[in-house]
Amino acid sequence: MASNGATPAQHDGHADEYKNHQFPPGPAAEGALVSSRQQYDEMHRESIADPDKFWGKIAEDFVWNKLWQNPVRRFNFDVRTGPVKIEWFVGAETNISYNCLDRHIEAGQGDRVAFYWEGNDLNEDCTVTYSQLLDQVCQLANYLKSVGVKRGSDVTIYMPMIPELPAAMLACARIGAVHSVVFAGFSADSLAGRILDSRPSVVLTASAVKRGAKPINLKGIVDSAIKKVEAQGHSISTVLVYDHALAAKRTDVAFVEGRDVWWQDAVPRQPTECPVEWMGAEEPLFKLYTSGSTGKPKGVEHTTAGYMVGASTTFKYVFDHRQSDIYWCTADCGWITGHSYVTYGPMLNGATQVLFEGVPTYPDAGRAWDIVDKYKVTLLYTAPTAIRALQSFGDKFVTQHSRKTLRILGTVGEPINPEAWKWYHEVVGEGRCPIVDTWWQTETGAHMITPLPGATTLKPGSATLPFFGVEPAVLSEKGEEMEGECEGYLVIKTAWPSCMRTLSGDHERFETTYFKVYPGYYFTGDGCRRDADGYYWLIGRVDDVINVSGHRIGTAEVEGALTQHPQCAEAAVVPVEHPIKGQGIYAYVTLMVGTEYPPPAQLKKELVATVREVIGPIATPDVIHWAPGLPKTRSGKIMRRILRKIASKEEDQLGDTSTLADPSVVQTLLSMRGQ
Ligand code: ATP
Ligand code: MG
């Protein structure tokens with residue numbers, strides 16, 4: 001593949017041009033696990049041609065109680081030939097908690113730091129080694145057993161980002177209990193819905209948490225959720241409450257006699273040894289609900305062995321992980337990113353990581369870079385929403401800090417607009433750190449389309465190429481596979497190890513949502529373009545792609561163009577009915593921090609002109625709607641379906657808004673209509 005080796009400094013034009021710039025790995029290839037495009041190509045080819053051999057060899061690095069039978073993989077994706085079924089490492093027995101902890105300690109790595117914990121407020125921190133974590137995990141696992149949790153039991157975890165959260169996940173996994181982590185920011189209603197879906201008898205929580213300046217009474221939320229659950233006939237026998245003294249006084253916390261137990265009173269009394277349950281490869285590991293960007297969240301189920309191998313292998317290669325690295329992923333364990341790339345992937349690799357409880361803009365927008373310098377972070381993994389938020393405060397918060405240890409930068413969650421990519425690359429990474437733009441889903445369990453930092457030439461805004469074992473295809477409207485350069489629906493042709501196995505209690509919905517749309521394929525729900533070099537560009541969800549006079553325009557492309565304007569901090573674009581064009585483009589625009597709403601009328605003209613210049617007149621926005629805030633899920637993704645309703649004046653039909661981070665943005669948006 002040709003590479004012009006463009007340096008960012010040469011660039012001063014629009015996104016269009018920037019998107020076509022290419023960034024070869026350069027020094028990142030030195031000593032990398034995969035250090036050339038040719039090596040990647042060979043490994044990818046092997047992984048597709050002979051998955052048994054490829055994954056079987058990788059799996060040898062883990063500890064198994066019993067080995068698998070060949071073939072390593074058995075699956076049916078085609079509803080026409082029978083039920084959809086996915087199995088990996090059939091017949092094998094392992095334990096992921098053992099592989100995350102005991103294995104490293106047995107190899108003499110017990111004193112390695114597992115977590116540098118950084119609290120919400122400055123100067124609150126602690127260090128946890130692998131040995132210390134194993135002790136905690138065993139004590140908690142023993143406690144869970146003492147209150148009746150067994151192999152196959154469901155346990156709901158509603159906790160802040162303290163070391164006890166990943167420890168709780170590993171304790172469940174140790175004894176074969178199925179965890180369901182619910183982001184500790186969800187309302188009592190959302191928590192109740194998730195408890196009713198998985199029906200645990202034990203809930204793990206904390207007294208409270210401070211997120212930025214705001215204290216959140218977690219225990220109070222759990223209490224009201226349990227009331228709702230009880231009204232539906234389900235009861236909870238034990239609530240284990242971590243006394244988070246930094247966020248609340250113990251004496252202020254209401255307790256239900258006989259049900260509620262203080263973590264610090266009960267857990268440390270337990271023995272620090274707890275033998276693992278050897279789990280069948282296909283026994284469930286966890287349930288997790290999707291973000292709810294497109295509707296009611298789906299309860300995705302993952303199993304043991306395939307997930308373990310997938311999460312671990314992607315972490316290792318995508319971050320080119322080395323023992324000397326300090327890794328920091330800003331995602332909460334309540335999301336799949338926190339499962340695969342805080343708890344499991346890094347720990348399976350014996351990584352040392354930063355676990356951050358707070359928000360990157362508190363007490364000010366320099367906090368993230370403070371943390372990078374304090375712990376000498378080398379690998380940073382975050383989301384476009386966080387990048388754009390930090391960018392909107394200006395460069396000085398970043399440049400005040402050294403950041404010299406940073407080696408690789410990652411992003412996940414949404415398509416990253418080229419302007420944010422450029423800022424991440426040039427300002428944050430000073431042009432020296434490759435950006436791994438990782439496309440994947442709760443359902444896929446692990447990275448699917450992503451660069452490898454030592455091998456892949458980057459193009460800003462493209463997630464680039466499939467990971468090992470991933471066979472993507474692009475389908476036309478009619479469901480035909482397209483070759484070469486094309487645009488359409490992204491599907492996956494064959495099973496990969498960390499693929500979800502079903503939706504909680506609803507295999508039919510699983511088949512309908514993912515396998516009936518285009519029989520024979522896993523349907524991702526995302527639209528994408530493949531360029532002449534075979535690179536994948538995610539352009540938005542299928543429902544969001546806009547059809548203007550017969551031209552398909554991706555929301556991500558128009559948003560990327562709008563953010564090229566220096567005063568535009570963030571944009572969200574949706575289709576709206578148009579009498580002539582079929583669909584028109586309706587754009588919501590958030591301005592840089594410090595701008596007053598509504599801004600001078602001229603700005604709308606400038607924004608429209610920017611889009612026309614970057615993409616072309618076909619993408620001219622019909623409406624610009626000022627958005628001091630955008631409706632986002634609690635994981636920071638824009639909920640375009642709400643924006644579609646507002647655009648078409650159907651705000652009385654917003655649908656499920658339980659996963660909305662700040663419901664008040666809807667009112668503010670309505671007040672800006674026509675401004
Ligand atoms: P729901 O399925 O409930 O609507 P969701 O799709 O937001 O919620 P997740 O599983 O958290 O739930 O997110 C996966 C989706 O996020 C992908 O399908 C894709 O739309 C988007 N996404 C994730 N990473 C990227 C990326 N690097 N580039 C583009 N899009 C991404
Ligand atoms: Mg989804």
# chains A, B, ... in the order shown; residues from 1 in each chain; ligands from 1
>>> residues_near_ligand(ligand="ligand 2", cutoff="8 Å", atoms="only C-alpha atoms and all ligand atoms", output="ChimeraX atom specification")
/A:290-294,441-443,524-525
>>> write_last_selection(atoms="C-alpha atoms", output="mmCIF file, in the first residue's frame")
data_model
loop_
_atom_site.group_PDB
_atom_site.id
_atom_site.type_symbol
_atom_site.label_atom_id
_atom_site.label_comp_id
_atom_site.auth_asym_id
_atom_site.auth_seq_id
_atom_site.Cartn_x
_atom_site.Cartn_y
_atom_site.Cartn_z
ATOM 1 C CA THR A 290 -25.622 -2.638 25.459
ATOM 2 C CA SER A 291 -25.457 1.159 25.694
ATOM 3 C CA GLY A 292 -29.008 1.693 24.475
ATOM 4 C CA SER A 293 -28.023 4.121 21.698
ATOM 5 C CA THR A 294 -30.646 2.699 19.364
ATOM 6 C CA GLN A 441 -19.373 -3.861 20.019
ATOM 7 C CA THR A 442 -20.688 -5.256 23.299
ATOM 8 C CA GLU A 443 -21.783 -8.186 21.164
ATOM 9 C CA THR A 524 -23.535 -5.379 12.929
ATOM 10 C CA GLY A 525 -26.131 -2.644 12.411
#
>>> residues_near_ligand(ligand="ligand 1", cutoff="9 Å", atoms="only C-alpha atoms and all ligand atoms", output="NGL selection string")
:A and (289-298 or 335-337 or 383-384 or 411-416 or 436-445 or 447 or 449-450 or 461-463 or 524-527 or 537-542 or 556 or 633 or 635 or 637-639)
>>> residues_around(residues="Ile86 in chain A", least_positions_apart="4", cutoff="12 Å", atoms="only C-alpha atoms", output="PyMOL selection string")
chain A and resi 72-78+90+281-282+301-303+306-307+494-502+511+522
>>> write_last_selection(atoms="N, CA, C and O atoms", output="JSON list (two decimals), in the first residue's frame")
[["chain", "number", "residue", "atom", "x", "y", "z"],
["A", 72, "VAL", "N", -11.52, -26.53, 17.04],
["A", 72, "VAL", "CA", -11.56, -25.48, 18.06],
["A", 72, "VAL", "C", -12.87, -24.70, 17.97],
["A", 72, "VAL", "O", -13.44, -24.29, 18.95],
["A", 73, "ARG", "N", -13.35, -24.54, 16.74],
["A", 73, "ARG", "CA", -14.53, -23.71, 16.52],
["A", 73, "ARG", "C", -15.65, -24.50, 15.84],
["A", 73, "ARG", "O", -15.39, -25.22, 14.89],
["A", 74, "ARG", "N", -16.86, -24.37, 16.37],
["A", 74, "ARG", "CA", -18.03, -24.93, 15.69],
["A", 74, "ARG", "C", -19.09, -23.85, 15.70],
["A", 74, "ARG", "O", -19.35, -23.25, 16.74],
["A", 75, "PHE", "N", -19.69, -23.58, 14.55],
["A", 75, "PHE", "CA", -20.73, -22.54, 14.57],
["A", 75, "PHE", "C", -21.71, -22.69, 13.42],
["A", 75, "PHE", "O", -21.39, -23.29, 12.39],
["A", 76, "ASN", "N", -22.90, -22.15, 13.65],
["A", 76, "ASN", "CA", -23.85, -21.98, 12.56],
["A", 76, "ASN", "C", -24.40, -20.56, 12.63],
["A", 76, "ASN", "O", -25.01, -20.17, 13.62],
["A", 77, "PHE", "N", -24.16, -19.77, 11.57],
["A", 77, "PHE", "CA", -24.66, -18.40, 11.50],
["A", 77, "PHE", "C", -25.94, -18.34, 10.65],
["A", 77, "PHE", "O", -26.51, -17.28, 10.50],
["A", 78, "ASP", "N", -26.31, -19.49, 10.05],
["A", 78, "ASP", "CA", -27.37, -19.43, 9.06],
["A", 78, "ASP", "C", -28.69, -19.96, 9.62],
["A", 78, "ASP", "O", -28.87, -21.16, 9.79],
["A", 90, "VAL", "N", -14.61, -26.47, 22.62],
["A", 90, "VAL", "CA", -15.56, -27.40, 23.21],
["A", 90, "VAL", "C", -14.83, -28.50, 23.97],
["A", 90, "VAL", "O", -13.82, -29.04, 23.51],
["A", 281, "ALA", "N", -15.84, -24.57, 28.76],
["A", 281, "ALA", "CA", -15.53, -23.48, 27.83],
["A", 281, "ALA", "C", -16.76, -22.65, 27.51],
["A", 281, "ALA", "O", -16.68, -21.42, 27.39],
["A", 282, "GLU", "N", -17.90, -23.30, 27.36],
["A", 282, "GLU", "CA", -19.11, -22.58, 26.96],
["A", 282, "GLU", "C", -20.04, -22.25, 28.12],
["A", 282, "GLU", "O", -21.19, -21.89, 27.92],
["A", 301, "GLU", "N", -24.91, -12.01, 26.32],
["A", 301, "GLU", "CA", -24.24, -13.03, 27.14],
["A", 301, "GLU", "C", -22.95, -13.53, 26.51],
["A", 301, "GLU", "O", -22.92, -13.89, 25.33],
["A", 302, "HIS", "N", -21.91, -13.53, 27.33],
["A", 302, "HIS", "CA", -20.62, -14.06, 26.88],
["A", 302, "HIS", "C", -20.26, -15.29, 27.70],
["A", 302, "HIS", "O", -20.63, -15.39, 28.88],
["A", 303, "THR", "N", -19.52, -16.20, 27.08],
["A", 303, "THR", "CA", -19.10, -17.42, 27.78],
["A", 303, "THR", "C", -17.61, -17.36, 28.10],
["A", 303, "THR", "O", -16.97, -16.32, 27.93],
["A", 306, "GLY", "N", -13.72, -18.76, 24.87],
["A", 306, "GLY", "CA", -13.54, -17.93, 23.68],
["A", 306, "GLY", "C", -13.36, -16.47, 24.06],
["A", 306, "GLY", "O", -12.51, -15.77, 23.52],
["A", 307, "TYR", "N", -14.17, -16.03, 25.01],
["A", 307, "TYR", "CA", -14.07, -14.63, 25.46],
["A", 307, "TYR", "C", -12.68, -14.38, 26.04],
["A", 307, "TYR", "O", -12.04, -13.37, 25.74],
["A", 494, "THR", "N", -17.95, -15.14, 9.63],
["A", 494, "THR", "CA", -17.69, -16.36, 10.39],
["A", 494, "THR", "C", -17.50, -16.02, 11.87],
["A", 494, "THR", "O", -17.27, -14.87, 12.22],
["A", 495, "ALA", "N", -17.56, -17.05, 12.73],
["A", 495, "ALA", "CA", -17.50, -16.80, 14.17],
["A", 495, "ALA", "C", -16.07, -16.52, 14.63],
["A", 495, "ALA", "O", -15.13, -17.17, 14.18],
["A", 496, "TRP", "N", -15.93, -15.56, 15.51],
["A", 496, "TRP", "CA", -14.66, -15.22, 16.15],
["A", 496, "TRP", "C", -14.78, -15.63, 17.63],
["A", 496, "TRP", "O", -15.91, -15.78, 18.13],
["A", 497, "PRO", "N", -13.66, -15.80, 18.34],
["A", 497, "PRO", "CA", -13.74, -16.42, 19.67],
["A", 497, "PRO", "C", -14.65, -15.70, 20.67],
["A", 497, "PRO", "O", -15.39, -16.34, 21.40],
["A", 498, "SER", "N", -14.58, -14.36, 20.73],
["A", 498, "SER", "CA", -15.29, -13.64, 21.79],
["A", 498, "SER", "C", -16.68, -13.18, 21.37],
["A", 498, "SER", "O", -17.25, -12.28, 21.98],
["A", 499, "CYS", "N", -17.23, -13.81, 20.36],
["A", 499, "CYS", "CA", -18.58, -13.48, 19.92],
["A", 499, "CYS", "C", -19.58, -13.80, 21.03],
["A", 499, "CYS", "O", -19.46, -14.82, 21.71],
["A", 500, "MET", "N", -20.60, -12.93, 21.23],
["A", 500, "MET", "CA", -21.66, -13.27, 22.20],
["A", 500, "MET", "C", -22.33, -14.56, 21.76],
["A", 500, "MET", "O", -22.32, -14.92, 20.58],
["A", 501, "ARG", "N", -22.94, -15.27, 22.69],
["A", 501, "ARG", "CA", -23.58, -16.54, 22.36],
["A", 501, "ARG", "C", -25.09, -16.45, 22.29],
["A", 501, "ARG", "O", -25.73, -17.24, 21.63],
["A", 502, "THR", "N", -25.68, -15.50, 23.02],
["A", 502, "THR", "CA", -27.14, -15.32, 22.98],
["A", 502, "THR", "C", -27.50, -14.02, 23.68],
["A", 502, "THR", "O", -26.62, -13.32, 24.20],
["A", 511, "GLU", "N", -31.45, -14.12, 17.39],
["A", 511, "GLU", "CA", -31.43, -14.51, 15.98],
["A", 511, "GLU", "C", -32.05, -13.43, 15.10],
["A", 511, "GLU", "O", -31.54, -13.11, 14.02],
["A", 522, "TYR", "N", -23.50, -12.35, 10.42],
["A", 522, "TYR", "CA", -23.74, -11.58, 11.64],
["A", 522, "TYR", "C", -23.90, -10.13, 11.19],
["A", 522, "TYR", "O", -23.00, -9.55, 10.57]]
>>> residues_around(residues="Lys478 in chain A", least_positions_apart="4", cutoff="12 Å", atoms="only C-alpha atoms", output="PDB file with N, CA, C and O atoms, in the first residue's frame")
ATOM      1  N   VAL A 474     -18.987  -6.356   3.170  1.00  0.00           N
ATOM      2  CA  VAL A 474     -19.888  -5.218   3.019  1.00  0.00           C
ATOM      3  C   VAL A 474     -21.001  -5.650   2.076  1.00  0.00           C
ATOM      4  O   VAL A 474     -20.749  -6.135   0.974  1.00  0.00           O
ATOM      5  N   MET A 482     -20.250  -7.176  -1.686  1.00  0.00           N
ATOM      6  CA  MET A 482     -19.605  -6.338  -2.686  1.00  0.00           C
ATOM      7  C   MET A 482     -18.088  -6.517  -2.604  1.00  0.00           C
ATOM      8  O   MET A 482     -17.555  -6.829  -1.554  1.00  0.00           O
ATOM      9  N   GLY A 488     -21.797   0.162   2.183  1.00  0.00           N
ATOM     10  CA  GLY A 488     -23.029  -0.576   2.486  1.00  0.00           C
ATOM     11  C   GLY A 488     -23.083  -0.992   3.936  1.00  0.00           C
ATOM     12  O   GLY A 488     -22.647  -0.251   4.821  1.00  0.00           O
ATOM     13  N   TYR A 489     -23.599  -2.211   4.165  1.00  0.00           N
ATOM     14  CA  TYR A 489     -23.799  -2.689   5.530  1.00  0.00           C
ATOM     15  C   TYR A 489     -22.652  -3.588   5.954  1.00  0.00           C
ATOM     16  O   TYR A 489     -22.292  -4.533   5.254  1.00  0.00           O
ATOM     17  N   VAL A 517     -31.475 -10.638   9.483  1.00  0.00           N
ATOM     18  CA  VAL A 517     -31.510  -9.504   8.566  1.00  0.00           C
ATOM     19  C   VAL A 517     -30.888  -9.925   7.225  1.00  0.00           C
ATOM     20  O   VAL A 517     -31.487  -9.737   6.163  1.00  0.00           O
ATOM     21  N   TYR A 518     -29.718 -10.539   7.298  1.00  0.00           N
ATOM     22  CA  TYR A 518     -29.071 -11.093   6.105  1.00  0.00           C
ATOM     23  C   TYR A 518     -28.633 -12.512   6.448  1.00  0.00           C
ATOM     24  O   TYR A 518     -27.543 -12.705   7.001  1.00  0.00           O
ATOM     25  N   PRO A 519     -29.475 -13.507   6.162  1.00  0.00           N
ATOM     26  CA  PRO A 519     -29.179 -14.875   6.614  1.00  0.00           C
ATOM     27  C   PRO A 519     -27.775 -15.334   6.196  1.00  0.00           C
ATOM     28  O   PRO A 519     -27.348 -15.094   5.068  1.00  0.00           O
TER      29      PRO A 519
END
>>> closest_residue(among="A:Ile546, A:His244, A:Val300, A:Asp102", to="Tyr514 in chain A", atoms="only C-alpha atoms")
A:Val300
>>> closest_residue(among="A:Gln391, A:Gln132, A:Asn417, A:Thr343", to="Thr555 in chain A", atoms="only C-alpha atoms")
A:Asn417
>>> select_by_dssp(residues="range 318-493 of chain A", states="strand (DSSP E or B)", output="PyMOL selection string")
chain A and resi 326-329+352-356+379-382+408-411+435-437+439+449+458+464+466+472-475+481+486-492
>>> write_last_selection(atoms="C-alpha atoms", output="PDB file, in the first residue's frame")
ATOM      1  CA  ILE A 326       1.545   1.494  32.127  1.00  0.00           C
ATOM      2  CA  TYR A 327      -1.897   1.247  30.619  1.00  0.00           C
ATOM      3  CA  TRP A 328      -4.865   3.484  31.264  1.00  0.00           C
ATOM      4  CA  CYS A 329      -8.338   2.896  29.892  1.00  0.00           C
ATOM      5  CA  THR A 352      -0.097  -2.733  35.174  1.00  0.00           C
ATOM      6  CA  GLN A 353      -2.884  -0.221  34.821  1.00  0.00           C
ATOM      7  CA  VAL A 354      -4.369   2.968  36.169  1.00  0.00           C
ATOM      8  CA  LEU A 355      -7.896   2.687  37.526  1.00  0.00           C
ATOM      9  CA  PHE A 356      -9.508   6.115  37.684  1.00  0.00           C
ATOM     10  CA  LEU A 379      -0.903   3.356  26.597  1.00  0.00           C
ATOM     11  CA  LEU A 380      -4.027   5.500  26.765  1.00  0.00           C
ATOM     12  CA  TYR A 381      -7.448   4.261  25.657  1.00  0.00           C
ATOM     13  CA  THR A 382     -10.450   6.584  25.600  1.00  0.00           C
ATOM     14  CA  ILE A 408       0.100   4.497  21.833  1.00  0.00           C
ATOM     15  CA  LEU A 409      -3.287   6.220  21.900  1.00  0.00           C
ATOM     16  CA  GLY A 410      -6.568   4.352  21.472  1.00  0.00           C
ATOM     17  CA  THR A 411     -10.153   5.289  20.783  1.00  0.00           C
ATOM     18  CA  ILE A 435      -3.774   6.010  17.159  1.00  0.00           C
ATOM     19  CA  VAL A 436      -5.599   2.710  17.318  1.00  0.00           C
ATOM     20  CA  ASP A 437      -9.197   3.411  16.315  1.00  0.00           C
ATOM     21  CA  TRP A 439     -14.265  -0.728  16.070  1.00  0.00           C
ATOM     22  CA  ILE A 449     -11.550  -3.810  13.049  1.00  0.00           C
ATOM     23  CA  LEU A 458      -3.144   4.877   9.667  1.00  0.00           C
ATOM     24  CA  THR A 464      -8.494   0.278   9.143  1.00  0.00           C
ATOM     25  CA  PRO A 466      -9.819  -6.648  10.524  1.00  0.00           C
ATOM     26  CA  PRO A 472     -15.876  -8.749   7.496  1.00  0.00           C
ATOM     27  CA  ALA A 473     -17.941  -8.160   4.379  1.00  0.00           C
ATOM     28  CA  VAL A 474     -19.888  -5.218   3.019  1.00  0.00           C
ATOM     29  CA  LEU A 475     -23.380  -5.949   1.741  1.00  0.00           C
ATOM     30  CA  GLU A 481     -21.513  -9.115  -0.973  1.00  0.00           C
ATOM     31  CA  CYS A 486     -17.776  -0.015  -1.860  1.00  0.00           C
ATOM     32  CA  GLU A 487     -20.249   1.260   0.686  1.00  0.00           C
ATOM     33  CA  GLY A 488     -23.029  -0.576   2.486  1.00  0.00           C
ATOM     34  CA  TYR A 489     -23.799  -2.689   5.530  1.00  0.00           C
ATOM     35  CA  LEU A 490     -21.017  -4.135   7.617  1.00  0.00           C
ATOM     36  CA  VAL A 491     -21.487  -7.830   8.395  1.00  0.00           C
ATOM     37  CA  ILE A 492     -19.191 -10.593   9.671  1.00  0.00           C
TER      38      ILE A 492
END
>>> atom_distance(atom1="CA of Glu93 in chain A", atom2="CA of Leu67 in chain A")
6.7 Å
>>> select_by_dssp(residues="range 272-363 of chain A", states="alpha helix (DSSP H)", output="list of chain:residue names")
A:Ala305, A:Gly306, A:Tyr307, A:Met308, A:Val309, A:Gly310, A:Ala311, A:Ser312, A:Thr313, A:Thr314, A:Phe315, A:Lys316, A:Tyr317, A:Val318, A:Ile336, A:Thr337, A:Gly338, A:Gly345, A:Pro346, A:Met347, A:Leu348
>>> write_last_selection(atoms="all heavy atoms", output="short mmCIF file (atom, residue, chain, number, x, y, z; two decimals), in the first residue's frame")
data_model
loop_
_atom_site.label_atom_id
_atom_site.label_comp_id
_atom_site.auth_asym_id
_atom_site.auth_seq_id
_atom_site.Cartn_x
_atom_site.Cartn_y
_atom_site.Cartn_z
N ALA A 305 -14.31 -19.52 27.60
CA ALA A 305 -13.00 -19.72 26.98
C ALA A 305 -12.75 -18.82 25.77
O ALA A 305 -11.70 -18.19 25.65
CB ALA A 305 -12.82 -21.18 26.59
N GLY A 306 -13.72 -18.76 24.87
CA GLY A 306 -13.54 -17.93 23.68
C GLY A 306 -13.36 -16.47 24.06
O GLY A 306 -12.51 -15.77 23.52
N TYR A 307 -14.17 -16.03 25.01
CA TYR A 307 -14.07 -14.63 25.46
C TYR A 307 -12.68 -14.38 26.04
O TYR A 307 -12.04 -13.37 25.74
CB TYR A 307 -15.16 -14.32 26.49
CG TYR A 307 -15.01 -12.92 27.05
CD1 TYR A 307 -15.48 -11.82 26.35
CD2 TYR A 307 -14.33 -12.70 28.25
CE1 TYR A 307 -15.30 -10.52 26.84
CE2 TYR A 307 -14.14 -11.42 28.75
CZ TYR A 307 -14.63 -10.34 28.04
OH TYR A 307 -14.44 -9.06 28.52
N MET A 308 -12.21 -15.31 26.86
CA MET A 308 -10.89 -15.15 27.50
C MET A 308 -9.79 -15.01 26.43
O MET A 308 -8.97 -14.07 26.49
CB MET A 308 -10.60 -16.37 28.39
CG MET A 308 -9.21 -16.41 28.96
SD MET A 308 -8.99 -17.78 30.12
CE MET A 308 -8.63 -19.13 28.99
N VAL A 309 -9.80 -15.90 25.47
CA VAL A 309 -8.76 -15.88 24.45
C VAL A 309 -8.88 -14.62 23.58
O VAL A 309 -7.88 -13.97 23.25
CB VAL A 309 -8.82 -17.17 23.60
CG1 VAL A 309 -7.88 -17.10 22.41
CG2 VAL A 309 -8.48 -18.38 24.48
N GLY A 310 -10.12 -14.24 23.27
CA GLY A 310 -10.34 -13.06 22.42
C GLY A 310 -9.94 -11.77 23.11
O GLY A 310 -9.22 -10.94 22.54
N ALA A 311 -10.38 -11.59 24.35
CA ALA A 311 -10.08 -10.34 25.06
C ALA A 311 -8.57 -10.21 25.27
O ALA A 311 -7.98 -9.13 25.09
CB ALA A 311 -10.81 -10.29 26.40
N SER A 312 -7.94 -11.30 25.63
CA SER A 312 -6.51 -11.28 25.92
C SER A 312 -5.68 -11.00 24.67
O SER A 312 -4.76 -10.18 24.67
CB SER A 312 -6.11 -12.62 26.54
OG SER A 312 -4.72 -12.65 26.74
N THR A 313 -6.02 -11.68 23.59
CA THR A 313 -5.21 -11.58 22.37
C THR A 313 -5.33 -10.20 21.73
O THR A 313 -4.34 -9.63 21.27
CB THR A 313 -5.63 -12.69 21.37
OG1 THR A 313 -5.62 -13.93 22.07
CG2 THR A 313 -4.69 -12.76 20.19
N THR A 314 -6.53 -9.66 21.72
CA THR A 314 -6.70 -8.32 21.15
C THR A 314 -5.94 -7.30 21.99
O THR A 314 -5.25 -6.43 21.44
CB THR A 314 -8.18 -7.93 21.08
OG1 THR A 314 -8.81 -8.24 22.32
CG2 THR A 314 -8.90 -8.65 19.95
N PHE A 315 -6.04 -7.40 23.31
CA PHE A 315 -5.31 -6.45 24.16
C PHE A 315 -3.82 -6.49 23.83
O PHE A 315 -3.16 -5.47 23.64
CB PHE A 315 -5.54 -6.74 25.65
CG PHE A 315 -4.73 -5.83 26.53
CD1 PHE A 315 -5.15 -4.54 26.80
CD2 PHE A 315 -3.51 -6.25 27.06
CE1 PHE A 315 -4.39 -3.67 27.57
CE2 PHE A 315 -2.74 -5.39 27.84
CZ PHE A 315 -3.18 -4.10 28.10
N LYS A 316 -3.30 -7.70 23.79
CA LYS A 316 -1.87 -7.89 23.57
C LYS A 316 -1.38 -7.25 22.27
O LYS A 316 -0.39 -6.52 22.25
CB LYS A 316 -1.60 -9.40 23.57
CG LYS A 316 -0.21 -9.82 23.22
CD LYS A 316 -0.09 -11.33 23.41
CE LYS A 316 1.10 -11.86 22.65
NZ LYS A 316 1.23 -13.32 22.83
N TYR A 317 -2.12 -7.52 21.18
CA TYR A 317 -1.65 -7.05 19.87
C TYR A 317 -2.05 -5.61 19.56
O TYR A 317 -1.29 -4.86 18.94
CB TYR A 317 -2.15 -7.97 18.76
CG TYR A 317 -1.42 -9.29 18.72
CD1 TYR A 317 -2.01 -10.45 19.18
CD2 TYR A 317 -0.11 -9.36 18.23
CE1 TYR A 317 -1.33 -11.67 19.16
CE2 TYR A 317 0.58 -10.55 18.20
CZ TYR A 317 -0.03 -11.71 18.67
OH TYR A 317 0.65 -12.89 18.64
N VAL A 318 -3.25 -5.21 19.94
CA VAL A 318 -3.73 -3.89 19.55
C VAL A 318 -2.99 -2.80 20.33
O VAL A 318 -2.71 -1.72 19.80
CB VAL A 318 -5.26 -3.78 19.71
CG1 VAL A 318 -5.74 -2.35 19.50
CG2 VAL A 318 -5.95 -4.74 18.74
N ILE A 336 -18.77 -2.57 28.11
CA ILE A 336 -17.97 -3.70 27.60
C ILE A 336 -16.49 -3.31 27.56
O ILE A 336 -15.62 -4.15 27.82
CB ILE A 336 -18.47 -4.17 26.20
CG1 ILE A 336 -17.78 -5.48 25.80
CG2 ILE A 336 -18.26 -3.12 25.14
CD1 ILE A 336 -18.10 -6.68 26.62
N THR A 337 -16.19 -2.06 27.27
CA THR A 337 -14.78 -1.67 27.23
C THR A 337 -14.13 -1.90 28.59
O THR A 337 -12.98 -2.35 28.67
CB THR A 337 -14.64 -0.20 26.77
OG1 THR A 337 -15.33 -0.05 25.54
CG2 THR A 337 -13.19 0.19 26.60
N GLY A 338 -14.87 -1.63 29.66
CA GLY A 338 -14.34 -1.88 31.00
C GLY A 338 -14.22 -3.37 31.31
O GLY A 338 -13.38 -3.77 32.11
N GLY A 345 -8.89 -8.29 29.62
CA GLY A 345 -7.76 -8.27 28.68
C GLY A 345 -6.44 -7.91 29.34
O GLY A 345 -5.45 -8.66 29.25
N PRO A 346 -6.36 -6.78 30.03
CA PRO A 346 -5.10 -6.39 30.65
C PRO A 346 -4.64 -7.38 31.73
O PRO A 346 -3.46 -7.74 31.78
CB PRO A 346 -5.40 -5.03 31.28
CG PRO A 346 -6.59 -4.51 30.54
CD PRO A 346 -7.38 -5.71 30.12
N MET A 347 -5.56 -7.86 32.56
CA MET A 347 -5.14 -8.75 33.64
C MET A 347 -4.70 -10.10 33.11
O MET A 347 -3.81 -10.74 33.66
CB MET A 347 -6.25 -8.89 34.67
CG MET A 347 -6.68 -7.52 35.16
SD MET A 347 -7.02 -7.39 36.89
CE MET A 347 -5.61 -8.03 37.61
N LEU A 348 -5.31 -10.54 32.03
CA LEU A 348 -4.87 -11.80 31.42
C LEU A 348 -3.43 -11.66 30.92
O LEU A 348 -2.69 -12.64 30.84
CB LEU A 348 -5.80 -12.19 30.26
CG LEU A 348 -7.16 -12.74 30.72
CD1 LEU A 348 -8.18 -12.72 29.58
CD2 LEU A 348 -7.02 -14.17 31.28
#
>>> residues_around(residues="range 652-657 of chain A", least_positions_apart="5", cutoff="12 Å", atoms="only C-alpha atoms", output="number ranges by chain")
A: 186-187, 189-190, 291-297, 631-634, 639-647, 662-667, 670
>>> closest_atom_pairs(of="range 527-557 of chain A", to="range 580-594 of chain A", cutoff="8 Å", atoms="only C-alpha atoms", output="Markdown table")
| residue | atom | partner | partner_atom | distance |
| --- | --- | --- | --- | --- |
| A:Ile546 | CA | A:Gln583 | CA | 6.6 |
| A:Asn547 | CA | A:Gln583 | CA | 5.6 |
| A:Val548 | CA | A:Gln583 | CA | 5.1 |
| A:Ser549 | CA | A:Lys581 | CA | 4.5 |
| A:Gly550 | CA | A:Lys581 | CA | 7.9 |
